[in-house]
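Participant: What follows is a structure written as structure tokens; I'll ask about it next.
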Number of protein chains: 2
Amino acid sequence: LILKQVKLAFVGFGTVAQGCARQLVRNASYLEQEYGFRYKVVAITDTVKGSIQNNQRGVDLPEALKLAEKGKLEGGGLKGKSGLSSIETIKTSDVDIIIEATWTNLKDGEPGLSHIVTALQSGKDVATSNKGPIALAYEKLTQLAKSKRRYLRFESTVMSGTPLFNMHEFGLQGAKIKSLRGILNGTTNYILTEMAEGKSYGDVLKRAQELGYAEVDPTGDVEAYDPTAKITILANAFMDAEVNYTDVEREGITGISIEDITKAAQDSKRIKLIASASQDESGHFNVSVKPALVPNTDILAHVDGVMNALNISMDVQPDITIIGPGAGGDSAGYGLLSDILAIHRLRVLREK
Amino acid sequence: LILKQVKLAFVGFGTVAQGCARQLVRNASYLEQEYGFRYKVVAITDTVKGSIQNNQRGVDLPEALKLAEKGKLEGGGLKGKSGLSSIETIKTSDVDIIIEATWTNLKDGEPGLSHIVTALQSGKDVATSNKGPIALAYEKLTQLAKSKRRYLRFESTVMSGTPLFNMHEFGLQGAKIKSLRGILNGTTNYILTEMAEGKSYGDVLKRAQELGYAEVDPTGDVEAYDPTAKITILANAFMDAEVNYTDVEREGITGISIEDITKAAQDSKRIKLIASASQDESGHFNVSVKPALVPNTDILAHVDGVMNALNISMDVQPDITIIGPGAGGDSAGYGLLSDILAIHRLRVLREK
């Protein structure tokens, strides 16, 4: 096992990036021993918390994590250059992998989209947790990565750190995906699960907001924009569907009443917000997110609370289903880490 | 994408190997386009059906499949050398990957164990569906593969073609596995599921034998030898447990009555044959297979019929669960194909 140093830069240093950073710190020696992976963080940049860059000596990551908790990276004693914009950081950092973890914007993908484009164009690999750019510009970004012979990985964009893209790429080779069907949003699944216990939509939403499962403006979840972005990414990455996010049929859960749910239960069914993608005989892709009646004999009926699930149907064998966390800083942070390690592994193999 | 020819030999040509072969034939052009994978089968050997070897021109695989269905490979017009033993075939074939798919023997692993050792020692990569050698000699075989710088892959030994080992190796990098818990035998899960509907053990077993889910001598399944082999493989491959198959605590389902199952149902529980592996504080591994009461709030309670499932608990994020087929020629055949493609990919990356 050859030990190799990988230079990293965080662009966006919120909950997810910090989750990844904590795992890098905590498991540093394990990652060296097991994967020959040694890292140096050369820059961290965040719109709110400021930026720090130290190409030569690297940035003290445990210290940066402490400062980030207090909300400010600059002026806290970290050695290096501060005040750089995210784009300047990407361009001027001596780095192998850019970890893009800014917020998701489903209007135009910015600023993540420009971050990823800039990183790939300047010859850097990218691991991102940002759904916006991948949902809106999958074709453009994967083509750019290919033309630059760089890696672009996005495990945590769907079902957080649950292995979907890495599983598909390495574990489902030779299988043609016929259809996908899943529960891809934790907030709405939590709400529907609680409503099945007899609680009202309003009460449950309020509780979800208190628990941090739902945002103050819950539109992205309850109107299904979030799972729509995710099924778009899956359809494109797993089925080469070349589908546009804005073309996906979308219906949220705000029209669901307790009466609907009670009636479903009487028929041994559950109401779930189901994202699906399939290809019909003529080659046309049907991609949608909408509430559906799921019979209790279907395993998806039993995926409750904030858990997510994806059922994959293929040509070579019966379906498989993978169930895992749909959100959370640790989980999405792990998704980033698994992408970083996948890039590391591919780089090492290529150099052998 | 560079097209590369991979030379294959089948050692054992029963249901699973034929399932793999059919997929190779059916998806040949897809595999070339998508993965740059072109294959040539140079030999097929089977204790019952005979053997054929043609290093130069290759063996006509569609024709071999037709002959295999009639029970005999030799004397049917296939061009090449016949009459070689499996060991002679492995030694004298000009081959990249040996596909070892002989029957599982949990006493001493033979003849699969000798096949794999011979293949690795003569510099060939191995994809195997044979649980025996991997359950009984994991450490020895993986060390041998390592010392010879060869690949040994065994996706289909547990949960057939459901990606477990490929998912773990490429999708769960950087995660330390804390515990495993699953339903790893389709026959017993089918029996327990049907018994929960009020049918007697005897009736259900008879039906399972008619459907081909259970063998004439059902001991391997109902006394839990089969899932014991599987959890041994998982504990060693996922957790470096270095546990011996014979040391695993094992209890089958023959002691379970309909009354037990009814009583469990009254408590909102199911009886499932649960295989598990975990490490305690002192570093000791607890590995067992035994019937357990599983509450309905646990997703494993809803994995019914011949389906299998594995729950993976790790240090970096909440649990994930993967559900998929536990048996079947197509599924296990796909597991072999996915191993072959994984080896192909690793070889190509190494040569770049």
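Ordering of the structure tokens sets the chain letters (A, B, ...); residue numbers start at 1 within each chain; ligands are numbered from 1 in the order shown.
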Do me a favour and pick out the residues of chain A within 6 Å of chain B, using only C-alpha atoms, as a PDB file with N, CA and C atoms, in the first residue's frame.
Facilitator:
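Contents of out-v4.pdb, freshly written:
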```
ATOM      1  N   PRO A 163     -24.770   4.547  -0.185  1.00  0.00           N
ATOM      2  CA  PRO A 163     -24.093   4.385  -1.471  1.00  0.00           C
ATOM      3  C   PRO A 163     -25.065   4.076  -2.613  1.00  0.00           C
ATOM      4  N   ASN A 166     -21.923   5.172  -6.200  1.00  0.00           N
ATOM      5  CA  ASN A 166     -20.776   4.265  -6.127  1.00  0.00           C
ATOM      6  C   ASN A 166     -21.224   2.814  -6.271  1.00  0.00           C
ATOM      7  N   MET A 167     -22.368   2.476  -5.681  1.00  0.00           N
ATOM      8  CA  MET A 167     -22.893   1.120  -5.831  1.00  0.00           C
ATOM      9  C   MET A 167     -23.245   0.837  -7.285  1.00  0.00           C
ATOM     10  N   GLY A 171     -20.976  -1.747  -8.562  1.00  0.00           N
ATOM     11  CA  GLY A 171     -21.660  -2.963  -8.144  1.00  0.00           C
ATOM     12  C   GLY A 171     -22.755  -3.414  -9.094  1.00  0.00           C
ATOM     13  N   GLN A 173     -22.461  -3.047 -12.593  1.00  0.00           N
ATOM     14  CA  GLN A 173     -21.937  -3.054 -13.959  1.00  0.00           C
ATOM     15  C   GLN A 173     -22.574  -4.202 -14.752  1.00  0.00           C
ATOM     16  N   GLN A 317     -31.566  -9.427 -13.205  1.00  0.00           N
ATOM     17  CA  GLN A 317     -31.935 -10.141 -11.974  1.00  0.00           C
ATOM     18  C   GLN A 317     -33.107  -9.426 -11.321  1.00  0.00           C
ATOM     19  N   ILE A 320     -33.544  -4.887  -6.574  1.00  0.00           N
ATOM     20  CA  ILE A 320     -32.927  -4.681  -5.270  1.00  0.00           C
ATOM     21  C   ILE A 320     -33.447  -3.360  -4.703  1.00  0.00           C
ATOM     22  N   THR A 321     -33.421  -3.252  -3.381  1.00  0.00           N
ATOM     23  CA  THR A 321     -33.856  -2.028  -2.705  1.00  0.00           C
ATOM     24  C   THR A 321     -32.795  -1.638  -1.697  1.00  0.00           C
ATOM     25  N   ILE A 322     -32.439  -0.369  -1.681  1.00  0.00           N
ATOM     26  CA  ILE A 322     -31.490   0.093  -0.672  1.00  0.00           C
ATOM     27  C   ILE A 322     -32.156   1.174   0.162  1.00  0.00           C
ATOM     28  N   ILE A 323     -32.019   1.019   1.481  1.00  0.00           N
ATOM     29  CA  ILE A 323     -32.686   1.902   2.435  1.00  0.00           C
ATOM     30  C   ILE A 323     -31.609   2.573   3.285  1.00  0.00           C
ATOM     31  N   GLY A 324     -31.734   3.864   3.464  1.00  0.00           N
ATOM     32  CA  GLY A 324     -30.734   4.545   4.275  1.00  0.00           C
ATOM     33  C   GLY A 324     -31.168   5.941   4.620  1.00  0.00           C
ATOM     34  N   ASP A 330     -23.762  14.320   9.233  1.00  0.00           N
ATOM     35  CA  ASP A 330     -22.810  13.208   9.284  1.00  0.00           C
ATOM     36  C   ASP A 330     -22.932  12.335   8.051  1.00  0.00           C
ATOM     37  N   SER A 331     -24.175  12.035   7.676  1.00  0.00           N
ATOM     38  CA  SER A 331     -24.390  11.140   6.556  1.00  0.00           C
ATOM     39  C   SER A 331     -23.953  11.778   5.237  1.00  0.00           C
ATOM     40  N   SER A 338     -16.720   9.466   1.017  1.00  0.00           N
ATOM     41  CA  SER A 338     -16.657   8.279   0.163  1.00  0.00           C
ATOM     42  C   SER A 338     -16.317   8.669  -1.282  1.00  0.00           C
ATOM     43  N   LEU A 349      -4.964   3.761  -8.867  1.00  0.00           N
ATOM     44  CA  LEU A 349      -5.002   2.685  -9.852  1.00  0.00           C
ATOM     45  C   LEU A 349      -4.452   3.168 -11.194  1.00  0.00           C
ATOM     46  N   ARG A 350      -4.817   4.395 -11.557  1.00  0.00           N
ATOM     47  CA  ARG A 350      -4.388   4.947 -12.838  1.00  0.00           C
ATOM     48  C   ARG A 350      -2.886   5.158 -12.887  1.00  0.00           C
ATOM     49  N   LYS A 352      -0.653   3.358 -11.236  1.00  0.00           N
ATOM     50  CA  LYS A 352       0.120   2.124 -11.036  1.00  0.00           C
ATOM     51  C   LYS A 352       0.794   1.659 -12.320  1.00  0.00           C
TER      52      LYS A 352
END
```
Participant: From a backbone DSSP assignment, name each residue in segment 75-196 of chain B labelled helix (DSSP H, G or I), as a PyMOL selection string.
Facilitator: chain B and resi 86-92+112-121+131-136+138-147+155-157+165-171+186-195
Participant: Skip segment 223-229 of chain A itself and residues of its chain fewer than 2 positions away, then list as a ChimeraX atom specification all residues within 9 Å of it, counting only C-alpha atoms.
Facilitator: /A:106,131-132,134-136,158,183-185,188,218-221,231-234,245-246,248-254,273-275,287-290
Participant: Fewer than 2 positions away in the same chain doesn't count, so skip those; otherwise give me all residues within 7 Å of Val6 of chain A, counting only C-alpha atoms, as a list in words.
Facilitator: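 My list of contacting residues is Lys4, Leu8, Arg38, Tyr39, Lys40 and Asp96 of chain A.
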Participant: What is the atom CA of Glu210 of chain A-atom CA of Ile191 of chain A distance in Å, reported with one decimal?
Facilitator: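 Separating atom CA of Glu210 of chain A from atom CA of Ile191 of chain A is a distance of 12.8 Å.
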Participant: Set the distance at 8 Å and use only C-alpha atoms: which residues neighbour segment 117-127 of chain B once local chain neighbours fewer than 3 positions away are removed? I'd like the list as a list in words.
Facilitator: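 Residues near the query, excluding close chain neighbours: Ile87, Ile90, Lys91, Val95, Asp96, Ile97, Ile98, Ile99, Glu100, Leu113, Ser114, Leu141, Leu144, Ala145, Lys148, Arg150, Tyr151, Leu152, Arg153, Phe154, Leu336, Asp339, Ile340 and Ile343 of chain B.
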Participant: For the residues selected in the previous step, produce a file with N, CA, C and O atoms as a compact mmCIF listing (two decimals), in the first residue's frame.
Facilitator:
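What follows is the written file again_6.txt:
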```txt
# COMPACT_ATOMS: atom_id res chain seq x y z
N ILE B 87 -8.84 -29.47 -13.04
CA ILE B 87 -7.51 -28.94 -12.69
C ILE B 87 -6.63 -28.79 -13.93
O ILE B 87 -5.95 -27.77 -14.11
N ILE B 90 -7.80 -25.71 -15.78
CA ILE B 90 -7.33 -24.46 -15.16
C ILE B 90 -5.86 -24.23 -15.50
O ILE B 90 -5.45 -23.11 -15.85
N LYS B 91 -5.05 -25.30 -15.43
CA LYS B 91 -3.61 -25.15 -15.65
C LYS B 91 -3.27 -24.86 -17.11
O LYS B 91 -2.35 -24.08 -17.39
N VAL B 95 -5.98 -18.19 -20.21
CA VAL B 95 -7.16 -17.53 -19.70
C VAL B 95 -6.81 -16.40 -18.72
O VAL B 95 -5.79 -16.45 -18.04
N ASP B 96 -7.64 -15.35 -18.70
CA ASP B 96 -7.45 -14.26 -17.74
C ASP B 96 -8.22 -14.52 -16.45
O ASP B 96 -7.71 -14.30 -15.36
N ILE B 97 -9.47 -14.93 -16.60
CA ILE B 97 -10.33 -15.11 -15.42
C ILE B 97 -10.94 -16.51 -15.40
O ILE B 97 -11.56 -16.95 -16.38
N ILE B 98 -10.75 -17.22 -14.30
CA ILE B 98 -11.42 -18.49 -14.06
C ILE B 98 -12.74 -18.21 -13.35
O ILE B 98 -12.76 -17.54 -12.31
N ILE B 99 -13.83 -18.71 -13.93
CA ILE B 99 -15.14 -18.57 -13.29
C ILE B 99 -15.44 -19.87 -12.57
O ILE B 99 -15.80 -20.87 -13.20
N GLU B 100 -15.25 -19.87 -11.25
CA GLU B 100 -15.41 -21.09 -10.47
C GLU B 100 -16.84 -21.15 -9.97
O GLU B 100 -17.26 -20.33 -9.15
N LEU B 113 -12.11 -25.36 -3.66
CA LEU B 113 -10.92 -24.81 -3.02
C LEU B 113 -9.67 -25.05 -3.86
O LEU B 113 -8.88 -24.13 -4.12
N SER B 114 -9.50 -26.30 -4.32
CA SER B 114 -8.33 -26.61 -5.16
C SER B 114 -8.38 -25.86 -6.48
O SER B 114 -7.34 -25.44 -7.02
N LEU B 141 -7.07 -17.76 1.11
CA LEU B 141 -7.29 -17.44 -0.30
C LEU B 141 -7.02 -15.96 -0.60
O LEU B 141 -6.43 -15.63 -1.63
N LEU B 144 -3.31 -15.46 -0.58
CA LEU B 144 -2.72 -16.02 -1.79
C LEU B 144 -2.93 -15.07 -2.98
O LEU B 144 -2.01 -14.79 -3.74
N ALA B 145 -4.15 -14.58 -3.11
CA ALA B 145 -4.46 -13.66 -4.21
C ALA B 145 -3.56 -12.43 -4.13
O ALA B 145 -3.01 -11.97 -5.13
N LYS B 148 0.02 -13.09 -5.08
CA LYS B 148 0.18 -13.31 -6.52
C LYS B 148 -0.27 -12.08 -7.33
O LYS B 148 -0.27 -12.11 -8.57
N ARG B 150 -3.25 -11.03 -7.79
CA ARG B 150 -4.41 -11.43 -8.59
C ARG B 150 -5.68 -11.03 -7.88
O ARG B 150 -5.70 -10.78 -6.68
N TYR B 151 -6.78 -10.96 -8.63
CA TYR B 151 -8.07 -10.65 -8.03
C TYR B 151 -8.85 -11.92 -7.72
O TYR B 151 -8.84 -12.87 -8.50
N LEU B 152 -9.49 -11.92 -6.57
CA LEU B 152 -10.41 -13.00 -6.19
C LEU B 152 -11.71 -12.34 -5.77
O LEU B 152 -11.74 -11.59 -4.80
N ARG B 153 -12.77 -12.56 -6.53
CA ARG B 153 -14.04 -11.89 -6.23
C ARG B 153 -15.15 -12.93 -6.07
O ARG B 153 -15.14 -13.97 -6.73
N PHE B 154 -16.12 -12.62 -5.19
CA PHE B 154 -17.09 -13.63 -4.80
C PHE B 154 -18.45 -13.00 -4.48
O PHE B 154 -19.11 -13.38 -3.52
N LEU B 336 -21.72 -13.24 -10.80
CA LEU B 336 -20.47 -13.62 -11.47
C LEU B 336 -20.09 -12.58 -12.53
O LEU B 336 -18.94 -12.17 -12.64
N ASP B 339 -18.68 -9.51 -11.05
CA ASP B 339 -17.29 -9.74 -10.63
C ASP B 339 -16.34 -9.69 -11.82
O ASP B 339 -15.25 -9.10 -11.73
N ILE B 340 -16.73 -10.31 -12.90
CA ILE B 340 -15.90 -10.32 -14.11
C ILE B 340 -15.67 -8.88 -14.59
O ILE B 340 -14.55 -8.48 -14.93
N ILE B 343 -13.30 -7.00 -12.25
CA ILE B 343 -11.90 -7.38 -12.53
C ILE B 343 -11.43 -6.68 -13.80
O ILE B 343 -10.33 -6.11 -13.85
```
Participant: I want to know what sits within 12 Å of Ala264 of chain A, based on only C-alpha atoms, with residues of the same chain fewer than 3 positions away left out; could you give that as a JSON list (two decimals) with N, CA and C atoms, in the first residue's frame?
Facilitator:
```
[["chain", "number", "residue", "atom", "x", "y", "z"],
["A", 196, "ALA", "N", -49.93, 9.35, 9.54],
["A", 196, "ALA", "CA", -50.53, 8.01, 9.61],
["A", 196, "ALA", "C", -50.82, 7.61, 11.06],
["A", 256, "ILE", "N", -52.67, 16.20, 0.72],
["A", 256, "ILE", "CA", -53.00, 14.93, 1.39],
["A", 256, "ILE", "C", -53.66, 15.20, 2.75],
["A", 257, "SER", "N", -54.79, 14.58, 2.97],
["A", 257, "SER", "CA", -55.47, 14.76, 4.26],
["A", 257, "SER", "C", -55.34, 13.50, 5.11],
["A", 258, "ILE", "N", -55.61, 13.67, 6.41],
["A", 258, "ILE", "CA", -55.62, 12.49, 7.29],
["A", 258, "ILE", "C", -56.66, 11.48, 6.81],
["A", 259, "GLU", "N", -57.75, 11.99, 6.25],
["A", 259, "GLU", "CA", -58.80, 11.09, 5.75],
["A", 259, "GLU", "C", -58.25, 10.19, 4.63],
["A", 260, "ASP", "N", -57.48, 10.80, 3.72],
["A", 260, "ASP", "CA", -56.86, 10.01, 2.64],
["A", 260, "ASP", "C", -56.02, 8.88, 3.22],
["A", 261, "ILE", "N", -55.24, 9.26, 4.23],
["A", 261, "ILE", "CA", -54.31, 8.29, 4.82],
["A", 261, "ILE", "C", -55.07, 7.19, 5.57],
["A", 267, "ASP", "N", -57.42, -0.08, 3.44],
["A", 267, "ASP", "CA", -57.16, -0.97, 2.31],
["A", 267, "ASP", "C", -55.78, -1.62, 2.39],
["A", 268, "SER", "N", -55.16, -1.63, 3.58],
["A", 268, "SER", "CA", -53.80, -2.17, 3.75],
["A", 268, "SER", "C", -52.80, -1.46, 2.85],
["A", 269, "LYS", "N", -52.94, -0.14, 2.78],
["A", 269, "LYS", "CA", -52.02, 0.64, 1.96],
["A", 269, "LYS", "C", -51.49, 1.84, 2.74],
["A", 270, "ARG", "N", -50.39, 2.39, 2.24],
["A", 270, "ARG", "CA", -49.82, 3.62, 2.81],
["A", 270, "ARG", "C", -49.72, 4.65, 1.70],
["A", 271, "ILE", "N", -49.83, 5.92, 2.08],
["A", 271, "ILE", "CA", -49.55, 6.97, 1.10],
["A", 271, "ILE", "C", -48.10, 7.41, 1.27],
["A", 272, "LYS", "N", -47.35, 7.32, 0.19],
["A", 272, "LYS", "CA", -45.95, 7.71, 0.21],
["A", 272, "LYS", "C", -45.69, 8.65, -0.96],
["A", 291, "PRO", "N", -47.55, 11.74, -4.79],
["A", 291, "PRO", "CA", -48.03, 10.83, -3.76],
["A", 291, "PRO", "C", -48.66, 9.60, -4.41],
["A", 292, "ALA", "N", -48.43, 8.45, -3.82],
["A", 292, "ALA", "CA", -48.97, 7.21, -4.39],
["A", 292, "ALA", "C", -49.42, 6.27, -3.28],
["A", 293, "LEU", "N", -50.41, 5.46, -3.60],
["A", 293, "LEU", "CA", -50.86, 4.41, -2.68],
["A", 293, "LEU", "C", -49.91, 3.23, -2.81],
["A", 294, "VAL", "N", -49.28, 2.87, -1.70],
["A", 294, "VAL", "CA", -48.32, 1.76, -1.73],
["A", 294, "VAL", "C", -48.86, 0.63, -0.86],
["A", 295, "PRO", "N", -49.09, -0.56, -1.43],
["A", 295, "PRO", "CA", -49.62, -1.66, -0.64],
["A", 295, "PRO", "C", -48.62, -2.13, 0.42],
["A", 296, "ASN", "N", -49.13, -2.65, 1.52],
["A", 296, "ASN", "CA", -48.26, -3.10, 2.61],
["A", 296, "ASN", "C", -47.34, -4.25, 2.23],
["A", 301, "ALA", "N", -43.59, 0.59, 1.63],
["A", 301, "ALA", "CA", -44.64, 0.97, 2.58],
["A", 301, "ALA", "C", -44.11, 1.01, 4.01]]
```
Participant: Applying 10 Å and only C-alpha atoms, which residues near Ala64 of chain B remain after dropping the ones on its own chain fewer than 6 positions away? List them as JSON, numbers by chain.
Facilitator: {"B": [13, 18, 21, 44, 52, 70, 72, 73, 74, 76, 77, 78]}
Participant: DSSP on the backbone: what in segment 13-97 of chain B comes out strand (DSSP E), as a list in words?
Facilitator: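 The strand (DSSP E) residues within segment 13-97 of chain B come out as Phe37, Arg38, Tyr39, Lys40, Val41, Val42, Ala43, Ile44, Thr45, Asp46, Gly50, Ser51, Ile52, Gln53, Lys81, Ser82 and Ile97 of chain B.
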Participant: From the list A:Asn105, A:Ser200, A:Thr142, A:Asn236, which residue is nearest Ser179 of chain A when using only C-alpha atoms?
Facilitator: A:Asn236
Participant: Using only C-alpha atoms, can you tell me which of A:Ser29, A:Ser85, A:Thr92, A:Thr187 comes closest to Asn55 of chain A?
Facilitator: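 The closest residue to Asn55 of chain A is A:Thr92.
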Participant: Which residue, A:Gln5, A:Gln33, A:Ser51, A:Ser278, has the smallest gap to Ile177 of chain A when you use only C-alpha atoms?
Facilitator: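 Among the listed residues, the smallest separation from Ile177 of chain A belongs to A:Ser278.
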Participant: When distances are computed from only C-alpha atoms, which of A:Leu67, A:Val48, A:Ala43, A:Val16 shows the smallest separation from Ser82 of chain A?
Facilitator: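 Smallest separation from Ser82 of chain A among the options: A:Ala43.
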Participant: Could you please determine the separation between atom CA of Asn130 of chain A and atom CA of Gly75 of chain A in Å, to one decimal place?
Facilitator: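 It comes out at 27.8 Å.
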